[in-house]
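Trainee: Below is the file input_14.txt, which contains compact mmCIF, C-alpha atoms.
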# COMPACT_ATOMS: atom_id res chain seq x y z
CA MET A 1 140.76 26.52 64.72
CA LEU A 2 138.88 24.94 67.57
CA LEU A 3 135.97 22.62 67.00
CA ASN A 4 132.52 23.76 67.97
CA VAL A 5 131.83 21.53 70.97
CA THR A 6 128.39 22.98 71.58
CA GLY A 7 127.12 22.23 68.05
CA SER A 8 123.47 21.47 67.55
CA SER A 9 121.92 18.56 65.76
CA LEU A 10 121.50 20.90 62.77
CA ASP A 11 125.22 20.38 62.09
CA TYR A 12 124.45 16.76 61.20
CA LEU A 13 121.66 17.63 58.76
CA PRO A 14 123.86 17.41 55.62
CA ILE A 15 125.02 13.93 56.63
CA LEU A 16 121.42 12.84 57.23
CA ILE A 17 120.34 14.24 53.86
CA MET A 18 123.22 12.45 52.11
CA PHE A 19 122.32 9.18 53.84
CA VAL A 20 118.64 9.48 52.88
CA VAL A 21 119.53 10.31 49.26
CA ALA A 22 121.95 7.34 49.04
CA VAL A 23 119.45 4.87 50.49
CA GLY A 24 116.66 6.31 48.35
CA PHE A 25 118.80 5.97 45.23
CA VAL A 26 119.58 2.33 45.98
CA VAL A 27 115.89 1.51 46.62
CA PHE A 28 114.83 3.42 43.49
CA VAL A 29 117.34 1.62 41.25
CA MET A 30 116.43 -1.80 42.64
CA LEU A 31 112.71 -1.19 42.10
CA VAL A 32 113.17 0.17 38.58
CA THR A 33 115.41 -2.71 37.48
CA HIS A 34 112.97 -5.21 38.96
CA LEU A 35 110.00 -3.63 37.19
CA LEU A 36 111.70 -3.01 33.83
CA GLY A 37 113.82 -6.17 33.75
CA PRO A 38 112.91 -9.36 31.87
CA GLN A 39 110.12 -11.35 33.47
CA LYS A 40 110.46 -14.67 31.62
CA LYS A 41 112.17 -17.36 33.61
CA SER A 42 113.32 -20.56 31.97
CA LYS A 43 115.57 -23.46 32.86
CA ILE A 44 118.32 -22.12 30.61
CA LYS A 45 118.16 -18.60 32.10
CA LEU A 46 118.28 -19.90 35.66
CA ASP A 47 121.14 -22.29 34.93
CA VAL A 48 124.61 -21.48 36.25
CA PHE A 49 126.89 -19.89 33.64
CA GLU A 50 130.62 -20.40 33.92
CA CYS A 51 132.47 -19.14 30.85
CA GLY A 52 130.37 -21.24 28.50
CA ILE A 53 131.46 -24.53 30.07
CA GLU A 54 128.75 -26.93 31.17
CA PRO A 55 128.75 -27.19 34.98
CA GLN A 56 129.87 -30.52 36.40
CA GLY A 57 129.13 -31.77 39.88
CA ASN A 58 128.37 -29.75 43.00
CA ALA A 59 129.76 -26.22 43.26
CA ARG A 60 129.86 -26.48 47.05
CA VAL A 61 132.91 -28.74 47.26
CA PRO A 62 135.00 -27.58 50.24
CA PHE A 63 138.54 -26.35 49.62
CA SER A 64 141.48 -27.91 51.39
CA VAL A 65 142.68 -26.12 54.51
CA LYS A 66 146.14 -26.08 52.91
CA TYR A 67 144.83 -23.70 50.25
CA PHE A 68 143.70 -21.18 52.85
CA LEU A 69 146.91 -21.62 54.85
CA VAL A 70 149.05 -20.83 51.83
CA ALA A 71 146.87 -17.80 51.04
CA ILE A 72 147.18 -16.47 54.61
CA LEU A 73 150.93 -17.07 54.64
CA PHE A 74 151.28 -15.24 51.33
CA VAL A 75 149.41 -12.22 52.72
CA LEU A 76 151.48 -12.33 55.91
CA PHE A 77 154.83 -12.36 54.13
CA ASP A 78 153.60 -9.85 51.55
CA VAL A 79 152.70 -7.38 54.31
CA GLU A 80 156.08 -7.95 55.94
CA VAL A 81 157.81 -7.09 52.68
CA ILE A 82 155.82 -3.84 52.58
CA PHE A 83 157.58 -2.85 55.82
CA MET A 84 160.91 -3.08 53.99
CA TYR A 85 160.06 -0.35 51.48
CA PRO A 86 160.28 2.63 53.89
CA TRP A 87 163.51 1.17 55.24
CA ALA A 88 164.99 0.99 51.75
CA VAL A 89 163.92 4.57 50.99
CA ASN A 90 165.51 5.90 54.21
CA PHE A 91 168.51 3.59 54.19
CA HIS A 92 171.15 6.36 54.23
CA GLU A 93 169.53 8.28 57.10
CA LEU A 94 169.18 5.19 59.31
CA HIS A 95 172.88 4.25 59.24
CA ALA A 96 174.10 1.17 61.13
CA VAL A 97 171.25 1.16 63.66
CA GLY A 98 168.65 0.95 60.89
CA PHE A 99 170.63 -1.79 59.17
CA PHE A 100 170.83 -3.81 62.40
CA GLU A 101 167.11 -3.37 63.03
CA MET A 102 166.25 -4.54 59.51
CA MET A 103 168.55 -7.55 59.80
CA THR A 104 166.79 -8.42 63.07
CA PHE A 105 163.41 -8.08 61.35
CA MET A 106 164.60 -10.23 58.43
CA GLY A 107 165.97 -12.77 60.90
CA PHE A 108 162.60 -13.12 62.62
CA MET A 109 160.94 -13.38 59.23
CA LEU A 110 163.33 -16.13 58.12
CA ILE A 111 162.84 -17.99 61.41
CA GLY A 112 159.09 -17.93 60.77
CA PHE A 113 159.59 -19.07 57.19
CA TYR A 114 161.88 -21.92 58.34
CA TYR A 115 159.25 -22.95 60.92
CA ILE A 116 156.59 -23.03 58.19
CA LEU A 117 158.82 -25.19 55.98
CA LYS A 118 159.62 -27.60 58.83
CA LYS A 119 155.92 -27.98 59.67
CA GLY A 120 155.22 -28.84 56.02
CA ALA A 121 152.67 -26.09 55.57
CA LEU A 122 153.73 -25.54 51.95
CA LYS A 123 153.79 -29.21 50.91
CA TRP A 124 150.91 -30.31 48.71
CA GLU A 125 149.77 -33.92 48.94
The structure in this file should be written as structure tokens.

Mentor:
Amino acid sequence: MLLNVTGSSLDYLPILIMFVVAVGFVVFVMLVTHLLGPQKKSKIKLDVFECGIEPQGNARVPFSVKYFLVAILFVLFDVEVIFMYPWAVNFHELHAVGFFEMMTFMGFMLIGFYYILKKGALKWE
């Protein structure tokens, strides 16, 4: 079936209606909760709540760059492992060529991991 290239703007009317209804619903809910919600403000209500533990110090203490580096490396290697799943499922159909390609992929991954270890990216001080 070919797409109607000469469609009018009437074709987009359902999308516009859905957008208006969604935005209207959000505005309506925000107004209703603001009007019906509690109006009393006190020091205890405005205080930060963290699992019942009294807050200590400033909450805006910066994290170490090492923390973010480890998180990014985890995501990177986790995504690389996801590439191994289709290979494992199709292992018999890929034969020796598929095995060689996966060993090459694993080799590059291990080279990257060795580089990370040598740079000391995973060492906490």

Trainee: Mind giving me the axis-aligned box for stretch 30-45 of chain A with 5 Å on every side, centre plus edges in Å to one decimal, as JSON?

Mentor:
{"center_x": 114.2, "center_y": -11.6, "center_z": 36.6, "size_x": 18.3, "size_y": 33.6, "size_z": 22.0}

Trainee: Around (156.3, -17.6, 59.4) in the file's own coordinates, what residues are found within 12 Å if you use only C-alpha atoms, given back as an MDAnalysis selection string?

Mentor: chainID A and resid 69:70 72:80 106:122

Trainee: Can you check which parts of stretch 25-104 of chain A lie within 10 Å of stretch 11-21 of chain A? Per residue, the shortest pair of atoms and distance in Å to one decimal, counting all atoms listed in the file, sorted by chain and number, as JSON lines.

Mentor:
{"residue": "A:Phe25", "atom": "CA", "partner": "A:Val21", "partner_atom": "CA", "distance": 6.0}
{"residue": "A:Val26", "atom": "CA", "partner": "A:Val21", "partner_atom": "CA", "distance": 8.6}
{"residue": "A:Val27", "atom": "CA", "partner": "A:Val21", "partner_atom": "CA", "distance": 9.9}

Trainee: For the residues in the current selection, export C-alpha atoms as a tab-separated table (two decimals), in the frame of the given file.

Mentor:
chain	number	residue	atom	x	y	z
A	25	PHE	CA	118.80	5.97	45.23
A	26	VAL	CA	119.58	2.33	45.98
A	27	VAL	CA	115.89	1.51	46.62

Trainee: Just give me the gap between atom CA of A:Lys66 and atom CA of A:Trp124 in Å, one decimal is fine.

Mentor: 7.6 Å

Trainee: One decimal, in Å: what's the spacing between atom CA of A:Glu54 and atom CA of A:Lys41?

Mentor: 19.3 Å
